[in-house]
$ cat my_file23.cif   # mmCIF, C-alpha atoms
data_work
#
loop_
_atom_site.label_atom_id
_atom_site.label_comp_id
_atom_site.auth_asym_id
_atom_site.auth_seq_id
_atom_site.Cartn_x
_atom_site.Cartn_y
_atom_site.Cartn_z
CA MET A 1 -12.22 17.02 30.70
CA PRO A 2 -12.28 13.47 29.33
CA PHE A 3 -15.30 12.45 27.22
CA ILE A 4 -15.97 9.42 29.46
CA PRO A 5 -15.79 9.11 33.26
CA LEU A 6 -12.17 8.28 34.15
CA GLU A 7 -10.54 8.37 37.58
CA GLU A 8 -9.24 11.89 38.16
CA HIS A 9 -5.95 10.79 39.70
CA LEU A 10 -5.14 8.73 36.56
CA PRO A 11 -4.35 11.11 33.65
CA GLY A 12 -3.57 10.24 30.02
CA ILE A 13 -3.40 6.56 29.13
CA THR A 14 -3.37 5.47 32.79
CA GLY A 15 -7.09 6.14 33.32
CA LEU A 16 -8.01 4.42 30.05
CA LEU A 17 -6.08 1.28 31.02
CA GLU A 18 -8.14 1.15 34.24
CA TYR A 19 -11.42 1.90 32.47
CA ARG A 20 -11.51 -1.29 30.43
CA GLN A 21 -9.08 -3.79 31.86
CA ASP A 22 -9.81 -6.66 29.46
CA THR A 23 -8.63 -4.56 26.51
CA ALA A 24 -5.84 -3.00 28.63
CA LYS A 25 -4.16 -6.37 29.25
CA PRO A 26 -3.23 -7.14 25.60
CA ILE A 27 -2.32 -3.48 24.98
CA ARG A 28 0.10 -3.63 27.93
CA GLU A 29 1.50 -7.00 26.79
CA LEU A 30 2.04 -5.88 23.20
CA THR A 31 3.85 -2.77 24.41
CA HIS A 32 5.97 -4.74 26.86
CA PHE A 33 7.05 -7.32 24.23
CA LEU A 34 7.93 -4.59 21.73
CA LEU A 35 9.60 -2.05 24.03
CA ARG A 36 11.07 -4.26 26.76
CA GLY A 37 11.33 -7.75 25.25
CA PRO A 38 14.57 -9.22 23.84
CA SER A 39 15.72 -7.08 20.90
CA SER A 40 18.89 -5.97 19.13
CA LEU A 41 17.59 -2.40 19.60
CA SER A 42 18.18 -0.99 23.08
CA GLU A 43 15.21 -0.02 25.25
CA GLY A 44 16.25 3.61 24.83
CA GLU A 45 16.29 3.30 21.03
CA ARG A 46 12.82 1.77 21.06
CA GLU A 47 11.56 4.59 23.28
CA LEU A 48 12.92 7.04 20.67
CA ILE A 49 10.51 5.53 18.12
CA ALA A 50 7.60 5.93 20.59
CA THR A 51 8.68 9.52 21.31
CA LEU A 52 9.04 10.60 17.67
CA VAL A 53 5.66 9.20 16.61
CA SER A 54 3.89 10.71 19.64
CA TYR A 55 5.58 14.06 18.99
CA ARG A 56 4.54 14.12 15.33
CA ASN A 57 0.99 13.12 16.33
CA GLU A 58 1.14 16.08 18.75
CA CYS A 59 0.02 13.89 21.65
CA LYS A 60 1.18 15.86 24.69
CA PHE A 61 0.79 13.10 27.27
CA CYS A 62 2.57 10.38 25.27
CA THR A 63 5.30 12.73 24.04
CA ALA A 64 6.13 13.87 27.58
CA ALA A 65 5.95 10.33 29.02
CA HIS A 66 8.15 8.70 26.37
CA THR A 67 10.59 11.60 26.13
CA ALA A 68 11.18 11.29 29.88
CA THR A 69 11.54 7.51 29.57
CA ALA A 70 13.92 7.69 26.59
CA ASP A 71 16.02 10.37 28.35
CA ARG A 72 16.28 8.18 31.44
CA LEU A 73 17.20 5.05 29.48
CA LEU A 74 19.70 6.87 27.24
CA GLY A 75 21.18 8.71 30.24
CA GLU A 76 20.99 12.11 28.48
CA PRO A 77 18.25 14.44 27.20
CA LEU A 78 19.95 15.67 24.02
CA THR A 79 18.93 12.95 21.58
CA THR A 80 15.16 13.34 22.06
CA SER A 81 15.50 17.09 21.86
CA GLU A 82 17.63 17.08 18.70
CA MET A 83 15.50 14.38 17.04
CA LYS A 84 12.36 16.48 17.49
CA TYR A 85 14.09 19.58 16.11
CA ASN A 86 15.64 17.86 13.10
CA LEU A 87 15.86 14.09 12.62
CA GLU A 88 18.30 14.53 9.72
CA THR A 89 20.96 16.26 11.80
CA ALA A 90 20.42 14.76 15.29
CA ALA A 91 23.48 12.98 16.72
CA MET A 92 22.72 9.24 16.56
CA SER A 93 23.79 6.12 14.66
CA GLU A 94 22.91 6.11 10.95
CA LYS A 95 20.99 2.85 11.48
CA MET A 96 18.83 4.46 14.14
CA ARG A 97 18.26 7.52 11.95
CA ALA A 98 17.14 5.29 9.06
CA LEU A 99 14.76 3.36 11.33
CA LEU A 100 13.33 6.61 12.72
CA GLN A 101 12.82 7.87 9.17
CA ILE A 102 10.72 4.75 8.53
CA ALA A 103 8.77 5.36 11.77
CA ALA A 104 8.16 8.97 10.73
CA ARG A 105 6.59 7.77 7.47
CA VAL A 106 4.44 5.19 9.28
CA GLN A 107 3.13 8.05 11.45
CA ILE A 108 1.68 9.60 8.28
CA SER A 109 0.59 6.35 6.58
CA GLY A 110 1.93 2.85 6.01
CA LYS A 111 1.91 3.68 2.30
CA GLU A 112 4.58 6.34 2.82
CA VAL A 113 7.29 3.76 3.58
CA THR A 114 9.38 3.41 0.40
CA ASP A 115 11.77 0.81 -1.00
CA GLU A 116 14.50 3.47 -0.76
CA LEU A 117 14.00 3.98 2.99
CA ILE A 118 14.08 0.22 3.60
CA LYS A 119 17.19 -0.14 1.42
CA LYS A 120 18.93 2.65 3.33
CA ALA A 121 18.08 1.04 6.70
CA ARG A 122 19.50 -2.29 5.49
CA GLU A 123 22.67 -0.60 4.21
CA GLU A 124 23.13 0.86 7.69
CA GLY A 125 22.83 -2.63 9.17
CA ALA A 126 19.16 -2.88 10.15
CA THR A 127 17.81 -6.45 10.30
CA ASP A 128 14.39 -7.73 9.17
CA VAL A 129 13.18 -7.94 12.76
CA GLU A 130 14.38 -4.40 13.52
CA ILE A 131 12.50 -3.11 10.47
CA HIS A 132 9.40 -5.12 11.48
CA ASP A 133 9.53 -3.88 15.06
CA THR A 134 10.09 -0.26 14.02
CA VAL A 135 6.95 -0.34 11.86
CA LEU A 136 4.89 -2.08 14.55
CA ILE A 137 6.07 0.24 17.36
CA ALA A 138 5.26 3.27 15.19
CA ALA A 139 1.83 1.79 14.37
CA LEU A 140 1.20 1.01 18.05
CA PHE A 141 1.88 4.62 19.04
CA CYS A 142 -0.52 5.78 16.33
CA LEU A 143 -3.06 3.69 18.29
CA TYR A 144 -2.02 5.08 21.69
CA ASN A 145 -1.96 8.72 20.58
CA ARG A 146 -5.46 8.42 19.07
CA TYR A 147 -6.80 6.58 22.12
CA VAL A 148 -5.40 9.18 24.54
CA ASP A 149 -6.47 12.26 22.56
CA GLY A 150 -9.65 10.82 20.99
CA LEU A 151 -11.18 10.53 24.47
CA ALA A 152 -9.77 13.91 25.57
CA THR A 153 -7.75 12.61 28.50
CA VAL A 154 -5.85 15.08 30.64
CA ALA A 155 -2.08 15.66 30.32
CA PRO A 156 -0.59 16.90 33.63
CA ALA A 157 1.42 20.12 33.34
CA GLN A 158 4.02 19.20 36.01
CA PRO A 159 7.27 17.71 34.63
CA GLU A 160 7.56 15.68 37.89
CA PHE A 161 4.59 13.58 36.85
CA TYR A 162 6.45 12.35 33.76
CA THR A 163 9.77 11.78 35.53
CA CYS A 164 7.90 9.57 38.05
CA LEU A 165 6.11 7.73 35.23
CA ALA A 166 9.42 7.31 33.39
CA GLU A 167 10.95 5.77 36.51
CA ARG A 168 8.11 3.25 36.66
CA LEU A 169 8.34 2.43 32.92
CA THR A 170 12.11 2.05 33.21
CA ASN A 171 12.05 -0.21 36.28
CA HIS A 172 8.86 -2.23 35.71
CA GLY A 173 8.04 -1.91 32.01
CA TYR A 174 4.49 -1.96 30.72
CA ILE A 175 3.05 -5.07 32.33
CA ARG A 176 0.92 -4.59 35.41
CA LEU A 177 2.18 -6.65 38.30
CA PRO A 178 -0.64 -8.33 40.25
CA GLN A 179 -1.39 -6.78 43.65
CA GLY A 180 0.66 -8.39 46.40
CA TYR A 181 3.60 -9.00 44.08
CA ASP A 182 5.26 -5.66 44.76
CA HIS A 183 8.30 -7.45 46.22
CA LEU A 184 9.02 -8.82 42.72
CA LYS A 185 9.33 -5.37 41.22
CA LYS A 186 12.85 -4.26 40.36
CA LYS A 187 14.20 -1.72 42.84
CA MET B 1 6.73 -7.66 -2.53
CA PRO B 2 6.82 -7.35 1.26
CA PHE B 3 9.83 -5.59 2.83
CA ILE B 4 10.56 -8.57 5.10
CA PRO B 5 10.41 -12.31 4.31
CA LEU B 6 6.80 -13.43 4.88
CA GLU B 7 5.21 -16.73 3.86
CA GLU B 8 3.87 -16.30 0.33
CA HIS B 9 0.61 -18.13 0.98
CA LEU B 10 -0.20 -15.71 3.84
CA PRO B 11 -1.04 -12.26 2.39
CA GLY B 12 -1.86 -9.01 4.24
CA ILE B 13 -1.97 -9.22 8.02
CA THR B 14 -1.98 -13.04 8.05
CA GLY B 15 1.75 -13.31 7.21
CA LEU B 16 2.65 -10.64 9.79
CA LEU B 17 0.78 -12.49 12.54
CA GLU B 18 2.87 -15.58 11.75
CA TYR B 19 6.13 -13.63 11.50
CA ARG B 20 6.24 -12.59 15.13
CA GLN B 21 3.85 -14.68 17.15
CA ASP B 22 4.59 -13.18 20.57
CA THR B 23 3.34 -9.78 19.40
CA ALA B 24 0.56 -11.40 17.34
CA LYS B 25 -1.08 -12.95 20.40
CA PRO B 26 -2.02 -9.69 22.19
CA ILE B 27 -2.98 -8.08 18.85
CA ARG B 28 -5.38 -10.97 18.19
CA GLU B 29 -6.76 -10.85 21.75
CA LEU B 30 -7.33 -7.09 21.70
CA THR B 31 -9.17 -7.39 18.38
CA HIS B 32 -11.24 -10.32 19.60
CA PHE B 33 -12.31 -8.55 22.83
CA LEU B 34 -13.25 -5.39 20.93
CA LEU B 35 -14.93 -6.88 17.85
CA ARG B 36 -16.35 -10.16 19.22
CA GLY B 37 -16.58 -9.69 22.99
CA PRO B 38 -19.81 -8.78 24.83
CA SER B 39 -21.03 -5.38 23.62
CA SER B 40 -24.22 -3.41 23.07
CA LEU B 41 -22.94 -2.84 19.51
CA SER B 42 -23.53 -5.78 17.18
CA GLU B 43 -20.55 -7.56 15.61
CA GLY B 44 -21.64 -6.14 12.25
CA GLU B 45 -21.71 -2.58 13.63
CA ARG B 46 -18.21 -3.00 15.07
CA GLU B 47 -16.96 -4.33 11.71
CA LEU B 48 -18.38 -1.15 10.11
CA ILE B 49 -15.97 0.90 12.25
CA ALA B 50 -13.04 -1.33 11.15
CA THR B 51 -14.17 -1.01 7.51
CA LEU B 52 -14.57 2.78 7.50
CA VAL B 53 -11.19 3.44 9.12
CA SER B 54 -9.40 0.98 6.80
CA TYR B 55 -11.14 2.52 3.78
CA ARG B 56 -10.14 6.06 4.75
CA ASN B 57 -6.56 4.87 5.38
CA GLU B 58 -6.72 3.39 1.85
CA CYS B 59 -5.55 0.00 3.14
CA LYS B 60 -6.70 -2.39 0.40
CA PHE B 61 -6.26 -5.63 2.32
CA CYS B 62 -8.03 -4.50 5.51
CA THR B 63 -10.80 -2.69 3.63
CA ALA B 64 -11.62 -5.77 1.53
CA ALA B 65 -11.37 -8.14 4.52
CA HIS B 66 -13.58 -6.09 6.86
CA THR B 67 -16.06 -5.07 4.16
CA ALA B 68 -16.63 -8.76 3.40
CA THR B 69 -16.93 -9.54 7.13
CA ALA B 70 -19.35 -6.66 7.81
CA ASP B 71 -21.45 -7.61 4.77
CA ARG B 72 -21.66 -11.19 6.00
CA LEU B 73 -22.57 -10.22 9.56
CA LEU B 74 -25.10 -7.59 8.48
CA GLY B 75 -26.58 -9.95 5.87
CA GLU B 76 -26.44 -7.31 3.12
CA PRO B 77 -23.74 -5.40 1.21
CA LEU B 78 -25.49 -2.01 0.94
CA THR B 79 -24.45 -0.42 4.23
CA THR B 80 -20.69 -0.74 3.68
CA SER B 81 -21.08 0.52 0.14
CA GLU B 82 -23.24 3.52 1.08
CA MET B 83 -21.07 4.37 4.11
CA LYS B 84 -17.97 4.57 1.92
CA TYR B 85 -19.73 6.73 -0.64
CA ASN B 86 -21.30 9.13 1.89
CA LEU B 87 -21.48 8.53 5.63
CA GLU B 88 -23.94 11.40 6.06
CA THR B 89 -26.61 9.86 3.83
CA ALA B 90 -26.03 6.11 4.27
CA ALA B 91 -29.05 4.20 5.61
CA MET B 92 -28.25 3.31 9.24
CA SER B 93 -29.29 4.25 12.79
CA GLU B 94 -28.45 7.80 13.82
CA LYS B 95 -26.48 6.40 16.78
CA MET B 96 -24.30 4.33 14.47
CA ARG B 97 -23.80 7.30 12.14
CA ALA B 98 -22.68 9.46 15.09
CA LEU B 99 -20.24 6.76 16.28
CA LEU B 100 -18.85 6.35 12.76
CA GLN B 101 -18.39 10.13 12.54
CA ILE B 102 -16.26 9.88 15.69
CA ALA B 103 -14.28 6.96 14.19
CA ALA B 104 -13.72 8.99 11.00
CA ARG B 105 -12.17 11.79 13.06
CA VAL B 106 -9.96 9.35 15.02
CA GLN B 107 -8.67 8.09 11.65
CA ILE B 108 -7.27 11.60 11.05
CA SER B 109 -6.16 12.32 14.64
CA GLY B 110 -7.46 11.86 18.17
CA LYS B 111 -7.49 15.65 18.42
CA GLU B 112 -10.18 15.86 15.73
CA VAL B 113 -12.86 14.39 18.01
CA THR B 114 -14.96 17.30 19.26
CA ASP B 115 -17.35 17.88 22.16
CA GLU B 116 -20.11 18.37 19.57
CA LEU B 117 -19.58 14.93 18.02
CA ILE B 118 -19.60 13.28 21.47
CA LYS B 119 -22.74 15.25 22.45
CA LYS B 120 -24.48 14.17 19.26
CA ALA B 121 -23.58 10.51 19.83
CA ARG B 122 -24.97 10.71 23.38
CA GLU B 123 -28.17 12.37 22.17
CA GLU B 124 -28.64 9.44 19.78
CA GLY B 125 -28.28 7.04 22.70
CA ALA B 126 -24.59 6.07 22.64
CA THR B 127 -23.19 4.95 26.02
CA ASP B 128 -19.78 5.70 27.53
CA VAL B 129 -18.53 2.21 26.71
CA GLU B 130 -19.77 2.47 23.11
CA ILE B 131 -17.92 5.78 22.72
CA HIS B 132 -14.80 4.28 24.33
CA ASP B 133 -14.91 1.19 22.14
CA THR B 134 -15.52 3.20 18.97
CA VAL B 135 -12.41 5.29 19.62
CA LEU B 136 -10.30 2.25 20.51
CA ILE B 137 -11.48 0.18 17.51
CA ALA B 138 -10.73 3.14 15.19
CA ALA B 139 -7.29 3.54 16.82
CA LEU B 140 -6.62 -0.21 16.52
CA PHE B 141 -7.32 -0.14 12.80
CA CYS B 142 -4.96 2.82 12.43
CA LEU B 143 -2.38 0.38 13.85
CA TYR B 144 -3.42 -2.51 11.57
CA ASN B 145 -3.51 -0.41 8.39
CA ARG B 146 -0.02 0.99 9.07
CA TYR B 147 1.35 -2.45 9.96
CA VAL B 148 -0.06 -4.05 6.79
CA ASP B 149 0.96 -1.25 4.39
CA GLY B 150 4.14 -0.14 6.20
CA LEU B 151 5.71 -3.53 5.47
CA ALA B 152 4.28 -3.65 1.92
CA THR B 153 2.29 -6.86 2.39
CA VAL B 154 0.38 -8.23 -0.58
CA ALA B 155 -3.40 -7.81 -1.02
CA PRO B 156 -4.87 -10.65 -3.13
CA ALA B 157 -6.92 -9.49 -6.13
CA GLN B 158 -9.47 -12.34 -5.98
CA PRO B 159 -12.73 -11.48 -4.13
CA GLU B 160 -12.98 -15.16 -3.10
CA PHE B 161 -9.98 -14.73 -0.82
CA TYR B 162 -11.87 -12.13 1.24
CA THR B 163 -15.16 -14.03 1.33
CA CYS B 164 -13.25 -17.05 2.72
CA LEU B 165 -11.47 -14.85 5.27
CA ALA B 166 -14.79 -13.24 6.23
CA GLU B 167 -16.28 -16.68 6.83
CA ARG B 168 -13.41 -17.50 9.19
CA LEU B 169 -13.65 -14.15 11.03
CA THR B 170 -17.41 -14.57 11.35
CA ASN B 171 -17.30 -18.15 12.65
CA HIS B 172 -14.11 -18.14 14.71
CA GLY B 173 -13.31 -14.50 15.47
CA TYR B 174 -9.77 -13.23 15.83
CA ILE B 175 -8.28 -15.64 18.35
CA ARG B 176 -6.14 -18.44 17.01
CA LEU B 177 -7.40 -21.82 18.18
CA PRO B 178 -4.57 -24.15 19.21
CA GLN B 179 -3.87 -26.99 16.76
CA GLY B 180 -5.94 -30.08 17.56
CA TYR B 181 -8.88 -27.99 18.83
CA ASP B 182 -10.59 -27.74 15.45
CA HIS B 183 -13.60 -29.65 16.83
CA LEU B 184 -14.30 -26.67 19.11
CA LYS B 185 -14.64 -24.27 16.21
CA LYS B 186 -18.17 -23.15 15.41
CA LYS B 187 -19.55 -24.89 12.31
#
$ encode --input "my_file23.cif" --output "structure tokens"
Amino acid sequence: MPFIPLEEHLPGITGLLEYRQDTAKPIRELTHFLLRGPSSLSEGERELIATLVSYRNECKFCTAAHTATADRLLGEPLTTSEMKYNLETAAMSEKMRALLQIAARVQISGKEVTDELIKKAREEGATDVEIHDTVLIAALFCLYNRYVDGLATVAPAQPEFYTCLAERLTNHGYIRLPQGYDHLKKK
Amino acid sequence: MPFIPLEEHLPGITGLLEYRQDTAKPIRELTHFLLRGPSSLSEGERELIATLVSYRNECKFCTAAHTATADRLLGEPLTTSEMKYNLETAAMSEKMRALLQIAARVQISGKEVTDELIKKAREEGATDVEIHDTVLIAALFCLYNRYVDGLATVAPAQPEFYTCLAERLTNHGYIRLPQGYDHLKKK
């Protein structure tokens, strides 16, 4: 049971974003800019960063939500699965592997990111902005995972919950559309 | 030297907030709402949470900046000093100690926050919103500390840098005033 009174039909982060809407708005915006804004990383690649950090922070809700979203965006469920099992051997571009290695260090501490890891990412073609965004996405999910688990929110057990959430995050992103603007949402 | 090209005269977080201004805006807003918005916790008490988390994440820039800001808001430098040395014995209200104990657990992982710690905070008079905000402020500084150190930003050695920054954060908060609106800034 959550430590504070949250609406029962809104598990995980969803209840927290309703609980205090003034703080929810910039959290949603930051996430939307980073994960859905213009970028040379695909939306699926950015969701991989969110997934790996949430998985290593052992945040059940965020791991399930972003795994489902990454799987949907990538069109296959193998990459998330392999990445969790072993990042070093998972089938993916070497640039993406290098960026995920940076994200994995950020999950532990910013101080764990080394010159060598940055050099490797650059050698594989990563740009300054991609390195910046990887670090900030990883840091943002360290916030989310702590927010979700630090207030003991509930993670639904049904996989269908996360496939529905993934559909929403794929079609509408992280920004909340104002009520009455449903016709603007992507179909 | 930072891993990405940042303006040399803008150390720590300040260069990062210039580097990508679309993501900086919601980060600034979230921080301003949490640390300067209406709250039953004083601005000084909220800066203590930022200071403790940054200190335990060993983030030099954020620790120095928020220590100086907390000291200025509290009007004395003993609380930050004692809190870093031993949270259990530092002179402060029992409610604030209980909230800082929660923040210290969030710094490690959201999963470290226990029913007992929440119960203790409530017994000392903490409200739902205070518990919520403590967790979210602690989580936000886990983001900041990783962002600042994960990109290897520079932390100035001169104490004067942080006293100047603390003056700005005390008088103007975390929102960036548009250019030309300097007359609106608090004196």
$ resolve_selection --input "my_file23.cif" --expression "the PyMOL selection byres ((chain A) within 8 of (chain B))" --output "PDB file with C-alpha atoms, in the coordinates of the input"
ATOM      1  CA  PHE A   3     -15.300  12.450  27.220  1.00  0.00           C
ATOM      2  CA  ILE A   4     -15.970   9.420  29.460  1.00  0.00           C
ATOM      3  CA  PRO A   5     -15.790   9.110  33.260  1.00  0.00           C
ATOM      4  CA  ASP A  22      -9.810  -6.660  29.460  1.00  0.00           C
ATOM      5  CA  THR A  23      -8.630  -4.560  26.510  1.00  0.00           C
ATOM      6  CA  PRO A  26      -3.230  -7.140  25.600  1.00  0.00           C
ATOM      7  CA  ILE A  27      -2.320  -3.480  24.980  1.00  0.00           C
ATOM      8  CA  GLU A  29       1.500  -7.000  26.790  1.00  0.00           C
ATOM      9  CA  LEU A  30       2.040  -5.880  23.200  1.00  0.00           C
ATOM     10  CA  PHE A  33       7.050  -7.320  24.230  1.00  0.00           C
ATOM     11  CA  LEU A  34       7.930  -4.590  21.730  1.00  0.00           C
ATOM     12  CA  ASN A  57       0.990  13.120  16.330  1.00  0.00           C
ATOM     13  CA  VAL A 106       4.440   5.190   9.280  1.00  0.00           C
ATOM     14  CA  SER A 109       0.590   6.350   6.580  1.00  0.00           C
ATOM     15  CA  GLY A 110       1.930   2.850   6.010  1.00  0.00           C
ATOM     16  CA  LYS A 111       1.910   3.680   2.300  1.00  0.00           C
ATOM     17  CA  GLU A 112       4.580   6.340   2.820  1.00  0.00           C
ATOM     18  CA  VAL A 113       7.290   3.760   3.580  1.00  0.00           C
ATOM     19  CA  ASP A 115      11.770   0.810  -1.000  1.00  0.00           C
ATOM     20  CA  ILE A 118      14.080   0.220   3.600  1.00  0.00           C
ATOM     21  CA  ASP A 128      14.390  -7.730   9.170  1.00  0.00           C
ATOM     22  CA  ILE A 131      12.500  -3.110  10.470  1.00  0.00           C
ATOM     23  CA  HIS A 132       9.400  -5.120  11.480  1.00  0.00           C
ATOM     24  CA  VAL A 135       6.950  -0.340  11.860  1.00  0.00           C
ATOM     25  CA  LEU A 136       4.890  -2.080  14.550  1.00  0.00           C
ATOM     26  CA  ALA A 139       1.830   1.790  14.370  1.00  0.00           C
ATOM     27  CA  LEU A 140       1.200   1.010  18.050  1.00  0.00           C
ATOM     28  CA  PHE A 141       1.880   4.620  19.040  1.00  0.00           C
ATOM     29  CA  CYS A 142      -0.520   5.780  16.330  1.00  0.00           C
ATOM     30  CA  LEU A 143      -3.060   3.690  18.290  1.00  0.00           C
ATOM     31  CA  TYR A 144      -2.020   5.080  21.690  1.00  0.00           C
ATOM     32  CA  ASN A 145      -1.960   8.720  20.580  1.00  0.00           C
ATOM     33  CA  ARG A 146      -5.460   8.420  19.070  1.00  0.00           C
ATOM     34  CA  TYR A 147      -6.800   6.580  22.120  1.00  0.00           C
ATOM     35  CA  VAL A 148      -5.400   9.180  24.540  1.00  0.00           C
ATOM     36  CA  ASP A 149      -6.470  12.260  22.560  1.00  0.00           C
ATOM     37  CA  GLY A 150      -9.650  10.820  20.990  1.00  0.00           C
ATOM     38  CA  LEU A 151     -11.180  10.530  24.470  1.00  0.00           C
ATOM     39  CA  ALA A 152      -9.770  13.910  25.570  1.00  0.00           C
TER      40      ALA A 152
END
$ residues_around --input "my_file23.cif" --residues "Val154 (chain B)" --least-positions-apart "6" --cutoff "10 Å" --atoms "all atoms listed in the file" --output "PyMOL selection string"
chain B and resi 1-2+6+8+10-13+15+60-61+148
$ atom_distance --input "my_file23.cif" --atom1 "CA of Ala126 (chain B)" --atom2 "CA of Ser54 (chain A)"
29.0 Å
$ residues_near_point --input "my_file23.cif" --point "(-19.1, 4.2, 3.3)" --cutoff "10 Å" --atoms "only C-alpha atoms" --output "list in words"
Leu48, Thr51, Leu52, Val53, Tyr55, Arg56, Thr67, Leu78, Thr79, Thr80, Ser81, Glu82, Met83, Lys84, Tyr85, Asn86, Leu87, Glu88, Thr89, Ala90 and Leu100 of chain B
$ residues_near_point --input "my_file23.cif" --point "(-11.8, -7.5, 2.1)" --cutoff "9 Å" --atoms "all atoms listed in the file" --output "PyMOL selection string"
chain B and resi 51+60-69+155+159+161-163+165-166
$ atom_distance --input "my_file23.cif" --atom1 "CA of Leu41 (chain B)" --atom2 "CA of Glu160 (chain B)"
27.6 Å
$ closest_residue --input "my_file23.cif" --among "B:Glu130, B:Glu76, B:Gly125, B:Gln21" --to "Ser39 (chain B)" --atoms "all atoms listed in the file"
B:Glu130
$ atom_distance --input "my_file23.cif" --atom1 "CA of Leu74 (chain A)" --atom2 "CA of Gly44 (chain A)"
5.3 Å
$ axis_aligned_box --input "my_file23.cif" --around "region 84-103 of chain A" --padding-each-side "8 Å" --output "lines of an AutoDock Vina configuration file"
center_x = 16.3
center_y = 11.2
center_z = 13.0
size_x = 31.0
size_y = 32.7
size_z = 25.0
